[in-house]
$ cat start_39.cif   # mmCIF, C-alpha atoms
data_data
#
loop_
_atom_site.label_atom_id
_atom_site.label_comp_id
_atom_site.auth_asym_id
_atom_site.auth_seq_id
_atom_site.Cartn_x
_atom_site.Cartn_y
_atom_site.Cartn_z
CA MET A 8 121.66 49.04 98.17
CA PRO A 9 120.72 50.44 94.81
CA HIS A 10 124.11 52.05 94.17
CA SER A 11 126.24 49.04 94.93
CA THR A 12 127.87 47.42 91.95
CA SER A 13 129.17 44.47 93.93
CA ALA A 14 126.05 42.32 93.56
CA PRO A 15 126.11 41.95 89.77
CA ARG A 16 129.89 41.61 89.85
CA LEU A 17 129.69 38.80 92.36
CA GLY A 18 126.97 37.15 90.30
CA ASP A 19 129.22 37.36 87.29
CA LEU A 20 132.13 35.86 89.25
CA GLU A 21 129.90 33.07 90.54
CA ARG A 22 129.25 32.04 86.98
CA VAL A 23 132.92 32.14 85.99
CA VAL A 24 133.97 30.19 89.07
CA MET A 25 131.28 27.55 88.46
CA GLU A 26 132.38 27.27 84.84
CA HIS A 27 135.93 26.77 85.99
CA LEU A 28 134.91 24.02 88.41
CA TRP A 29 132.81 22.32 85.74
CA ASP A 30 135.66 22.50 83.22
CA ALA A 31 138.18 21.18 85.72
CA ALA A 32 135.85 18.37 86.78
CA SER A 33 135.10 17.24 83.25
CA LEU A 34 138.78 17.46 82.30
CA ALA A 35 139.87 15.34 85.26
CA GLY A 36 136.94 12.95 84.96
CA PRO A 37 136.00 10.79 87.92
CA ALA A 38 139.42 11.37 89.47
CA PHE A 39 138.62 15.07 90.04
CA GLY A 40 139.91 15.95 93.47
CA GLY A 41 138.26 19.33 93.78
CA ALA A 42 139.83 22.76 93.49
CA THR A 43 141.24 24.98 96.20
CA VAL A 44 140.68 28.72 96.34
CA ARG A 45 144.26 29.19 95.12
CA GLN A 46 143.66 26.95 92.09
CA VAL A 47 140.50 28.82 91.20
CA LEU A 48 142.36 32.10 91.62
CA ALA A 49 145.07 30.90 89.23
CA ARG A 50 142.39 30.60 86.57
CA PHE A 51 141.95 34.39 86.60
CA GLU A 52 145.65 35.15 86.27
CA GLY A 53 146.36 37.53 83.43
CA GLU A 54 142.62 38.01 82.85
CA ARG A 55 141.50 40.16 85.73
CA GLU A 56 142.69 41.35 89.09
CA ILE A 57 140.84 39.43 91.76
CA ALA A 58 141.68 39.13 95.42
CA TYR A 59 142.07 35.78 97.14
CA THR A 60 139.36 36.77 99.59
CA THR A 61 136.95 37.58 96.74
CA VAL A 62 137.29 34.07 95.35
CA MET A 63 136.80 32.75 98.85
CA THR A 64 133.62 34.82 99.23
CA VAL A 65 132.31 33.64 95.88
CA LEU A 66 132.94 29.98 96.72
CA ASP A 67 131.33 30.50 100.10
CA ARG A 68 128.22 31.99 98.49
CA LEU A 69 128.08 29.13 95.99
CA SER A 70 128.31 26.62 98.81
CA LYS A 71 125.51 28.38 100.70
CA LYS A 72 123.39 28.02 97.57
CA ASP A 73 124.27 24.29 97.47
CA LEU A 74 125.88 24.71 94.07
CA VAL A 75 129.28 23.53 95.31
CA THR A 76 130.29 21.08 98.00
CA ARG A 77 133.58 21.22 99.88
CA GLU A 78 135.94 18.89 101.71
CA ARG A 79 138.67 19.69 104.20
CA ASP A 80 142.18 19.16 102.89
CA GLY A 81 144.59 20.01 105.68
CA ARG A 82 144.10 23.72 106.34
CA ALA A 83 142.36 24.45 103.05
CA TRP A 84 139.01 23.53 101.54
CA ARG A 85 138.66 21.67 98.27
CA TYR A 86 135.58 22.65 96.28
CA PHE A 87 133.51 20.43 93.96
CA PRO A 88 130.56 21.33 91.76
CA ALA A 89 127.50 19.82 93.48
CA ASP A 90 126.06 18.82 90.08
CA THR A 91 127.07 18.76 86.46
CA ARG A 92 126.06 21.77 84.42
CA GLU A 93 123.55 19.61 82.54
CA ALA A 94 121.94 18.41 85.75
CA LEU A 95 121.72 21.94 87.12
CA THR A 96 120.22 23.19 83.85
CA ALA A 97 117.62 20.44 83.98
CA GLN A 98 116.92 21.39 87.57
CA THR A 99 116.48 25.04 86.58
CA MET A 100 114.04 24.01 83.86
CA ARG A 101 112.10 21.90 86.33
CA ARG A 102 112.05 24.74 88.82
CA THR A 103 110.29 26.95 86.35
CA LEU A 104 107.52 24.38 86.33
CA ASP A 105 107.42 22.34 89.51
CA ASP A 106 108.74 23.93 92.61
CA MET A 107 106.20 26.58 93.37
CA GLU A 108 102.52 26.55 93.89
CA VAL A 109 100.80 27.14 90.56
CA THR A 110 99.41 30.60 91.34
CA ASP A 111 102.71 31.87 92.65
CA ARG A 112 104.77 30.43 89.88
CA ARG A 113 102.62 31.97 87.18
CA THR A 114 103.00 35.37 88.79
CA ALA A 115 106.71 34.99 89.54
CA LEU A 116 107.78 33.97 86.03
CA LEU A 117 105.82 34.92 82.92
CA HIS A 118 105.87 32.03 80.48
CA PHE A 119 105.20 32.46 76.80
CA LEU A 120 102.85 29.51 76.87
CA ASP A 121 101.36 27.02 79.27
CA GLY A 122 101.07 24.18 76.78
CA ALA A 123 97.91 22.78 75.23
CA THR A 124 95.89 19.58 75.27
CA ASN A 125 95.24 17.59 72.10
CA ASP A 126 91.67 18.88 71.88
CA GLU A 127 92.90 22.42 72.16
CA LEU A 128 95.44 21.79 69.40
CA ASP A 129 92.56 21.31 66.95
CA ASP A 130 91.15 24.73 67.83
CA ILE A 131 94.60 26.21 67.54
CA LYS A 132 95.12 24.71 64.09
CA ALA A 133 91.77 26.02 62.91
CA ALA A 134 92.57 29.54 64.10
CA LEU A 135 96.02 29.41 62.53
CA ALA A 136 94.51 28.30 59.22
CA GLU A 137 92.29 31.40 59.24
CA ILE A 138 95.25 33.66 59.89
CA GLU A 139 97.30 31.96 57.18
CA ALA A 140 94.46 32.30 54.68
CA ARG A 141 94.17 35.98 55.49
CA ALA A 142 97.93 36.48 55.18
CA GLU A 143 97.91 34.88 51.73
CA GLY A 144 95.21 37.28 50.64
CA ASP A 145 97.30 40.18 51.92
CA PRO A 146 101.00 39.36 51.51
CA GLY A 147 102.00 42.62 53.17
CA THR A 148 101.32 41.24 56.63
CA SER A 149 103.58 38.23 56.34
CA SER A 150 106.68 40.04 55.10
CA ASN A 151 106.85 42.12 58.24
CA THR A 152 109.65 40.01 59.71
CA GLY A 153 113.25 40.18 60.75
CA ARG A 154 113.12 43.89 61.28
CA ARG A 155 115.39 43.59 64.26
CA SER A 156 117.09 40.22 63.94
CA ILE A 157 119.55 40.31 66.77
CA ILE A 158 118.93 36.75 67.79
CA ARG A 159 121.93 34.66 66.98
CA ARG A 160 121.38 31.10 65.94
CA ARG A 161 123.45 28.50 67.72
CA MET B 198 71.24 54.45 103.51
CA ILE B 199 74.51 55.42 101.86
CA PRO B 200 76.79 53.37 104.15
CA PHE B 201 74.76 50.26 103.27
CA VAL B 202 74.98 51.11 99.60
CA LEU B 203 78.75 51.44 99.95
CA ALA B 204 79.04 48.13 101.80
CA ALA B 205 76.91 46.47 99.13
CA LEU B 206 79.01 48.14 96.45
CA ALA B 207 82.20 46.78 98.05
CA VAL B 208 80.80 43.24 97.97
CA LEU B 209 79.51 43.79 94.46
CA LEU B 210 82.85 45.03 93.10
CA VAL B 211 85.00 42.53 94.99
CA TRP B 212 82.89 39.43 94.67
CA VAL B 213 80.11 39.66 92.07
CA ALA B 214 81.62 41.88 89.37
CA PRO B 215 84.80 39.80 88.79
CA GLY B 216 82.74 36.68 88.14
CA LEU B 217 80.51 38.54 85.68
CA MET B 218 83.45 40.29 84.00
CA ALA B 219 85.34 37.04 83.52
CA ARG B 220 82.39 35.90 81.41
CA GLN B 221 82.48 38.94 79.09
CA LYS B 222 84.87 37.25 76.69
CA GLY B 223 84.38 39.86 73.99
CA PHE B 224 86.54 42.31 75.97
CA ARG B 225 89.51 40.01 75.54
CA ARG B 226 89.87 41.57 72.12
CA ALA B 227 90.59 44.92 73.77
CA PRO B 228 93.01 43.71 76.45
CA ARG B 229 94.47 47.09 77.38
CA SER B 230 91.16 48.76 78.21
CA ALA B 231 89.85 45.55 79.76
CA LEU B 232 92.82 45.49 82.13
CA TRP B 233 92.03 49.09 83.12
CA ALA B 234 88.48 47.99 83.86
CA TRP B 235 89.78 45.14 86.03
CA GLN B 236 92.08 47.43 87.95
CA ALA B 237 89.30 49.98 88.39
CA VAL B 238 86.97 47.35 89.81
CA ALA B 239 89.61 46.25 92.32
CA VAL B 240 90.40 49.85 93.33
CA GLY B 241 86.68 50.73 93.44
CA GLY B 242 85.98 47.73 95.68
CA ILE B 243 88.77 48.76 98.05
CA LEU B 244 87.55 52.38 98.12
CA ALA B 245 83.97 51.29 98.83
CA ALA B 246 85.15 49.03 101.67
CA LEU B 247 87.22 51.88 103.10
CA ALA B 248 84.40 54.43 102.78
CA ALA B 249 81.49 52.38 104.16
CA ALA B 250 82.17 52.94 107.87
CA PRO B 251 83.11 56.65 107.62
CA ALA B 252 79.96 57.22 105.55
CA ALA B 253 77.87 55.91 108.44
CA LEU B 254 79.14 58.62 110.79
CA PRO B 255 77.07 61.62 109.60
CA LEU B 256 74.01 59.39 109.79
CA LEU B 257 74.64 58.45 113.41
CA VAL B 258 76.01 61.73 114.68
CA GLY B 259 73.59 64.05 112.94
CA ASP B 260 74.59 67.70 113.06
CA ASP B 261 76.76 67.29 116.16
CA ASP B 262 80.50 67.62 116.12
CA PRO B 263 81.74 64.05 115.33
CA MET B 264 84.49 64.48 117.90
CA ALA B 265 81.82 64.58 120.61
CA HIS B 266 80.90 61.01 119.71
CA LEU B 267 84.23 59.29 119.88
CA TRP B 268 82.66 55.90 120.66
CA LEU B 269 81.27 56.00 117.12
CA VAL B 270 84.26 57.57 115.40
CA VAL B 271 86.78 55.10 116.78
CA PRO B 272 85.03 51.93 115.54
CA ALA B 273 84.42 53.54 112.16
CA VAL B 274 88.10 54.35 111.80
CA LEU B 275 89.03 50.86 113.00
CA VAL B 276 86.86 49.19 110.35
CA SER B 277 88.61 51.15 107.61
CA ALA B 278 91.99 50.55 109.23
CA LEU B 279 91.31 46.82 109.18
CA VAL B 280 90.87 46.96 105.41
CA VAL B 281 94.15 48.84 105.05
CA VAL B 282 96.00 46.42 107.34
CA ARG B 283 94.72 43.38 105.44
CA LEU B 284 95.96 44.92 102.20
CA LEU B 285 99.35 45.81 103.65
CA VAL B 286 99.87 42.36 105.14
CA ALA B 287 98.85 40.65 101.92
CA GLY B 288 101.08 43.02 99.94
CA HIS B 289 104.03 42.25 102.14
CA ARG B 290 103.53 38.48 102.01
CA VAL B 291 102.94 38.22 98.28
CA GLY B 292 105.67 40.73 97.44
CA THR B 293 108.31 39.08 99.60
CA ARG B 294 107.50 35.63 98.26
CA LEU B 295 107.58 36.72 94.64
CA ARG B 296 110.82 38.65 95.01
CA ARG B 297 112.52 35.70 96.69
CA VAL B 298 111.41 33.23 94.02
CA ARG B 299 112.52 35.58 91.24
CA THR B 300 115.89 36.39 92.79
CA ASP B 301 116.70 32.73 93.48
CA HIS B 302 115.70 31.78 89.98
CA ARG B 303 117.57 34.64 88.34
CA GLU B 304 120.78 33.79 90.17
CA LEU B 305 120.50 30.17 89.11
CA VAL B 306 119.81 31.13 85.49
CA ASP B 307 122.74 33.54 85.46
CA ILE B 308 125.05 30.71 86.49
CA VAL B 309 123.86 27.87 84.26
CA ALA B 310 122.62 29.72 81.18
CA GLN B 311 124.61 31.13 78.30
CA HIS B 312 124.62 34.88 78.18
CA ASP B 313 123.41 36.79 75.20
CA GLN B 314 122.77 40.51 74.91
CA ARG B 315 119.01 40.26 75.06
CA MET B 316 118.52 36.91 76.76
CA ARG B 317 119.76 33.89 78.66
CA ILE B 318 119.86 30.52 76.95
CA LEU B 319 119.40 27.29 78.86
CA GLN B 320 121.06 24.29 77.21
CA HIS B 321 118.02 22.06 77.34
CA PRO B 322 116.03 20.35 74.57
CA THR B 323 112.58 21.07 76.07
CA PRO B 324 111.21 24.20 74.38
CA THR B 325 110.41 26.89 76.88
CA ALA B 326 110.44 30.68 76.93
CA TYR B 327 109.76 32.98 79.85
CA CYS B 328 110.86 36.13 81.54
CA ILE B 329 111.93 36.84 85.08
CA PRO B 330 110.51 40.26 85.93
CA GLY B 331 111.96 42.67 88.44
CA ARG B 332 114.68 45.28 88.61
CA GLN B 333 117.21 42.90 87.05
CA SER B 334 114.88 41.30 84.58
CA ARG B 335 115.81 38.48 82.21
CA VAL B 336 114.35 36.88 79.12
CA VAL B 337 115.10 33.16 79.25
CA LEU B 338 114.88 30.76 76.30
CA SER B 339 115.82 27.12 76.11
CA GLN B 340 117.89 25.67 73.29
CA GLY B 341 114.76 23.66 72.47
CA VAL B 342 112.96 26.88 71.51
CA LEU B 343 115.89 28.09 69.40
CA ASP B 344 115.85 24.76 67.56
CA ALA B 345 112.07 24.66 67.14
CA LEU B 346 111.42 28.14 65.78
CA PRO B 347 112.62 29.99 62.68
CA PRO B 348 114.03 33.50 63.28
CA ASP B 349 110.83 35.49 62.69
CA GLN B 350 108.86 33.36 65.15
CA LEU B 351 111.68 33.56 67.65
CA GLU B 352 111.56 37.33 67.35
CA ALA B 353 107.85 37.19 68.09
CA VAL B 354 108.45 35.17 71.25
CA VAL B 355 111.17 37.52 72.47
CA ALA B 356 109.05 40.57 71.62
CA HIS B 357 106.23 39.03 73.65
CA GLU B 358 108.45 38.53 76.69
CA GLU B 359 110.04 41.96 76.35
CA ALA B 360 106.55 43.48 76.24
CA HIS B 361 105.85 41.84 79.62
CA LEU B 362 108.99 43.38 81.04
CA ARG B 363 108.58 46.81 79.44
CA GLY B 364 104.92 47.04 80.45
CA ARG B 365 105.72 45.84 83.99
CA HIS B 366 102.95 43.26 83.68
CA ASP B 367 104.41 41.63 86.76
CA LEU B 368 103.26 44.60 88.88
CA LEU B 369 99.77 44.23 87.48
CA LEU B 370 99.67 40.53 88.34
CA GLU B 371 101.18 41.23 91.74
CA PHE B 372 98.49 43.83 92.45
CA PHE B 373 95.73 41.36 91.65
CA SER B 374 97.43 38.62 93.68
CA VAL B 375 97.59 40.99 96.66
CA VAL B 376 93.95 42.04 96.36
CA HIS B 377 92.96 38.41 95.88
CA SER B 378 94.66 37.27 99.08
CA ALA B 379 93.53 40.34 101.05
CA VAL B 380 89.87 39.64 100.33
CA PRO B 381 88.27 37.25 102.86
CA GLU B 382 88.21 33.72 101.48
CA PRO B 383 84.42 33.37 100.86
CA LEU B 384 84.41 36.60 98.84
CA ARG B 385 87.30 35.71 96.55
CA SER B 386 86.77 35.29 92.85
CA PRO B 387 89.25 32.81 91.39
CA PRO B 388 88.24 33.35 87.74
CA ALA B 389 89.39 36.96 88.10
CA LEU B 390 93.08 36.08 88.38
CA GLY B 391 92.88 33.68 85.45
CA GLU B 392 91.18 36.26 83.27
CA VAL B 393 93.69 38.98 84.15
CA ARG B 394 96.52 36.59 83.30
CA LEU B 395 94.96 35.85 79.96
CA LEU B 396 94.51 39.56 79.22
CA VAL B 397 98.15 40.23 80.05
CA GLU B 398 99.18 37.47 77.63
CA ALA B 399 96.86 38.86 74.95
CA LEU B 400 98.42 42.30 75.44
CA ALA B 401 101.94 40.89 75.04
CA ASP B 402 100.80 38.95 71.96
CA ARG B 403 99.71 42.20 70.38
CA ALA B 404 103.17 43.62 70.98
CA ALA B 405 104.60 40.52 69.28
CA VAL B 406 102.25 41.05 66.32
CA ARG B 407 103.36 44.68 66.00
CA HIS B 408 106.99 43.56 66.02
CA SER B 409 106.99 40.36 63.99
CA GLY B 410 103.62 40.22 62.32
CA GLU B 411 100.48 38.25 62.92
CA LEU B 412 101.57 35.15 61.06
CA ALA B 413 104.90 34.69 62.84
CA THR B 414 103.25 35.22 66.24
CA ALA B 415 100.45 32.77 65.49
CA ARG B 416 102.86 30.14 64.16
CA ALA B 417 105.11 30.49 67.21
CA LEU B 418 102.10 29.93 69.47
CA MET B 419 101.09 26.91 67.43
CA THR B 420 104.55 25.32 67.38
CA LEU B 421 105.17 25.77 71.07
CA ALA B 422 101.67 24.76 72.09
CA GLY B 423 102.21 21.47 70.27
CA SER B 424 105.58 20.79 71.85
CA GLN B 425 104.78 21.51 75.47
CA ALA B 426 102.92 19.37 77.94
CA PRO B 427 99.88 21.20 79.26
CA GLU B 428 99.95 22.28 82.87
CA ALA B 429 97.78 19.68 84.49
CA ALA B 430 97.24 21.32 87.86
CA LEU B 431 95.39 24.35 86.61
CA GLY B 432 91.82 23.17 86.21
CA VAL B 433 91.11 25.88 83.67
CA GLY B 434 92.16 25.45 80.06
CA THR B 435 95.46 26.70 78.76
CA THR B 436 95.69 30.12 77.17
CA ALA B 437 96.94 29.06 73.72
CA PRO B 438 93.60 28.33 71.97
CA VAL B 439 92.05 31.57 73.22
CA ARG B 440 95.06 33.63 72.21
CA LEU B 441 95.14 32.18 68.71
CA ARG B 442 91.42 32.76 68.38
CA LEU B 443 92.00 36.39 69.39
CA LEU B 444 94.69 36.74 66.74
CA ALA B 445 92.39 35.21 64.14
CA ASP B 446 89.48 37.47 65.06
CA GLY B 447 91.55 40.59 64.55
CA PRO B 448 91.15 44.03 66.09
CA PRO B 449 88.06 44.81 68.20
CA HIS B 450 85.24 47.20 67.52
CA PRO B 451 86.38 50.57 68.90
CA ALA B 452 83.22 50.76 71.01
CA LEU B 453 84.55 47.93 73.20
CA SER B 454 87.37 50.10 74.52
CA VAL B 455 85.02 53.03 75.09
CA ILE B 456 82.70 50.81 77.12
CA ALA B 457 85.58 49.36 79.16
CA TYR B 458 87.08 52.77 79.93
CA SER B 459 83.69 54.25 80.89
CA TYR B 460 83.00 51.29 83.14
CA ALA B 461 86.43 51.78 84.74
CA ALA B 462 85.76 55.46 85.38
CA VAL B 463 82.37 54.78 86.96
CA THR B 464 83.58 52.01 89.27
CA VAL B 465 86.39 54.17 90.65
CA THR B 466 84.38 57.37 91.10
CA LEU B 467 81.15 55.86 92.43
CA PRO B 468 82.45 55.07 95.96
CA LEU B 469 83.98 58.54 96.21
CA VAL B 470 80.78 60.24 95.06
CA LEU B 471 78.77 58.22 97.59
CA LEU B 472 81.13 59.13 100.40
CA GLY B 473 80.90 62.79 99.38
CA LEU B 474 77.09 62.58 99.41
CA ALA B 475 77.10 61.03 102.86
CA TRP B 476 79.11 63.94 104.24
CA ALA B 477 77.35 66.65 102.27
#

$ encode --input "start_39.cif" --output "structure tokens"
Amino acid sequence: MPHSTSAPRLGDLERVVMEHLWDAASLAGPAFGGATVRQVLARFEGEREIAYTTVMTVLDRLSKKDLVTRERDGRAWRYFPADTREALTAQTMRRTLDDMEVTDRRTALLHFLDGATNDELDDIKAALAEIEARAEGDPGTSSNTGRRSIIRRR
Amino acid sequence: MIPFVLAALAVLLVWVAPGLMARQKGFRRAPRSALWAWQAVAVGGILAALAAAPAALPLLVGDDDPMAHLWLVVPAVLVSALVVVRLLVAGHRVGTRLRRVRTDHRELVDIVAQHDQRMRILQHPTPTAYCIPGRQSRVVLSQGVLDALPPDQLEAVVAHEEAHLRGRHDLLLEFFSVVHSAVPEPLRSPPALGEVRLLVEALADRAAVRHSGELATARALMTLAGSQAPEAALGVGTTAPVRLRLLADGPPHPALSVIAYSYAAVTVTLPLVLLGLAWA
């Protein structure tokens, strides 16, 4: 469905809903009793028009992805983040390295580097020294930086 | 004679040539043309495998109408069809698996990471930088990388990842993964995939050098190589020392590219010429 805009929008909502659940959970501490669809919906009030069913769909998707858990509370569900944001971030980092078979993983995600052993570090240092020596001899090559500095420091 | 030559050529291009090419380390300095040579060898091998059986027909049928000898035509077509089917099945398997891994990962990153115009930032102290290729591609950096690198080196890293995405290097790697798994196990050449990966990295490094300069790129490689644990499961060395050596050695002799492109042209056209000769 190349023309559908609902997929990115839902993805965007998933993030906002997760952030809301994380915020609510950390605010309430261990006493956090989960959030209902209505409570999550209230979070969007005044910000954007979102239907009750949309929030329900988003929470349902999140629960299918095991990112939220839910408990029955009378006729409604109460939703909890399955993990803290930190834990999920750590899990994401691990997934870039562990979860797949090596061949697959290195084709699926293109990493800047695959690390280096201590022996290799010596070779690396030697090569870098050559490049640095050359750059000192020709200062023009080293000043070619920050041409497009859009990266914001945090 | 020609069908045997084609069969031998298929084995040569699929099995022997990749091993030999992986040893020609000088071509790493001309990664773009070297990658063309690698693709040409893969395509040439496939063409030779496809053409071998049809090339045998004129030999067996002589001057008769081939349609009068269906018991020969049908097996010949089937042999070629088998090659096509193996490729299609491998393409489907590899493609589906890669897309699923990338989609799952992208969705997770979109939820946990901070959003920036050009990238996603994972709040994690371990330095890492990668891209998720595909239609909705992402460049992902960890906070650890932002903390470890000064702005010019960070630019080099991002330029490297963006070069992967812009150049659709993922399609290149996917193509070689498909060919690799379509080839019968005893004829596979594992060094080929490793070498292609390295060439793709070298190509992206050159984009980083064009954007941020040689020094910033080399220093970024050095800093991150020192702060990451090597991937133990690989068996082959990591790419960092080779890539820094390539940066230090500078641009290649122009003849290298000429050789690689000529080699590519020959390997692709040879099977077709042989098939043409068989039918002439």

$ residues_around --input "start_39.cif" --residues "Leu279 in chain B" --least-positions-apart "2" --cutoff "12 Å" --atoms "only C-alpha atoms" --output "CSV table (one decimal) with C-alpha atoms, in the coordinates of the input"
chain,number,residue,atom,x,y,z
B,243,ILE,CA,88.8,48.8,98.0
B,246,ALA,CA,85.2,49.0,101.7
B,247,LEU,CA,87.2,51.9,103.1
B,250,ALA,CA,82.2,52.9,107.9
B,272,PRO,CA,85.0,51.9,115.5
B,273,ALA,CA,84.4,53.5,112.2
B,274,VAL,CA,88.1,54.4,111.8
B,275,LEU,CA,89.0,50.9,113.0
B,276,VAL,CA,86.9,49.2,110.4
B,277,SER,CA,88.6,51.2,107.6
B,281,VAL,CA,94.2,48.8,105.0
B,282,VAL,CA,96.0,46.4,107.3
B,283,ARG,CA,94.7,43.4,105.4
B,284,LEU,CA,96.0,44.9,102.2
B,285,LEU,CA,99.4,45.8,103.6
B,286,VAL,CA,99.9,42.4,105.1
B,379,ALA,CA,93.5,40.3,101.0
B,380,VAL,CA,89.9,39.6,100.3
B,381,PRO,CA,88.3,37.2,102.9

$ closest_residue --input "start_39.cif" --among "B:Ala234, B:Val309, B:Ala345, B:Val258" --to "Asp19 in chain A" --atoms "only C-alpha atoms"
B:Val309

$ resolve_selection --input "start_39.cif" --expression "the PyMOL selection byres ((chain A and resi 123-140) around 6)" --output "MDAnalysis selection string"
(chainID A and resid 122 141:143) or (chainID B and resid 422 427 435 438 441:442 445)

$ closest_residue --input "start_39.cif" --among "B:Ala310, B:Leu400, B:Ala457, B:Leu395" --to "chain A" --atoms "all atoms listed in the file"
B:Ala310

$ atom_distance --input "start_39.cif" --atom1 "CA of His377 in chain B" --atom2 "CA of Ala326 in chain B"
26.9 Å

$ atom_distance --input "start_39.cif" --atom1 "CA of Pro255 in chain B" --atom2 "CA of Pro200 in chain B"
9.9 Å

$ resolve_selection --input "start_39.cif" --expression "the PyMOL selection byres ((chain B and resi 237) around 10)" --output "list in words"
Leu210, Ala231, Leu232, Trp233, Ala234, Trp235, Gln236, Val238, Ala239, Val240, Gly241, Gly242, Ile243, Ala457, Tyr458, Tyr460, Ala461, Ala462, Val463, Thr464, Val465 and Thr466 of chain B

$ closest_residue --input "start_39.cif" --among "B:Leu469, B:Val306, B:Val213, B:Val208" --to "chain A" --atoms "only C-alpha atoms"
B:Val306

$ atom_distance --input "start_39.cif" --atom1 "CA of Ala204 in chain B" --atom2 "CA of Ala249 in chain B"
5.4 Å

$ closest_residue --input "start_39.cif" --among "A:Leu117, A:Met100, A:Leu69, A:Ala83" --to "Met25 in chain A" --atoms "only C-alpha atoms"
A:Leu69

$ residues_around --input "start_39.cif" --residues "range 49-51 of chain A" --least-positions-apart "6" --cutoff "12 Å" --atoms "only C-alpha atoms" --output "JSON, numbers by chain"
{"A": [20, 23, 24, 25, 26, 27, 28, 30, 31, 42, 43, 57, 58, 59, 61, 62]}

$ closest_residue --input "start_39.cif" --among "B:Met316, B:Val455, B:Val375, B:Leu444" --to "Glu359 in chain B" --atoms "all atoms listed in the file"
B:Met316

$ closest_residue --input "start_39.cif" --among "A:Arg16, A:Gly144, A:Asp111, A:Leu120" --to "Ala401 in chain B" --atoms "all atoms listed in the file"
A:Leu120

$ resolve_selection --input "start_39.cif" --expression "the PyMOL selection byres ((chain B and resi 269) around 10)" --output "ChimeraX atom specification"
/B:250-251,253-254,257-258,263-268,270-274

$ residues_near_point --input "start_39.cif" --point "(99.9, 39.1, 79.9)" --cutoff "12 Å" --atoms "only C-alpha atoms" --output "PyMOL selection string"
(chain A and resi 113-114+116-120) or (chain B and resi 225+228-229+231-232+327-328+357-370+390-405+436+440)

$ residues_around --input "start_39.cif" --residues "Thr420 in chain B" --least-positions-apart "3" --cutoff "8 Å" --atoms "all atoms listed in the file" --output "ChimeraX atom specification"
/B:345-346,416-417,423-424

$ residues_around --input "start_39.cif" --residues "Gln320 in chain B" --least-positions-apart "6" --cutoff "7 Å" --atoms "only C-alpha atoms" --output "compact mmCIF listing (two decimals) with C-alpha atoms, in the frame of the given file"
# COMPACT_ATOMS: atom_id res chain seq x y z
CA THR A 96 120.22 23.19 83.85
CA ALA B 310 122.62 29.72 81.18
CA SER B 339 115.82 27.12 76.11
CA GLN B 340 117.89 25.67 73.29
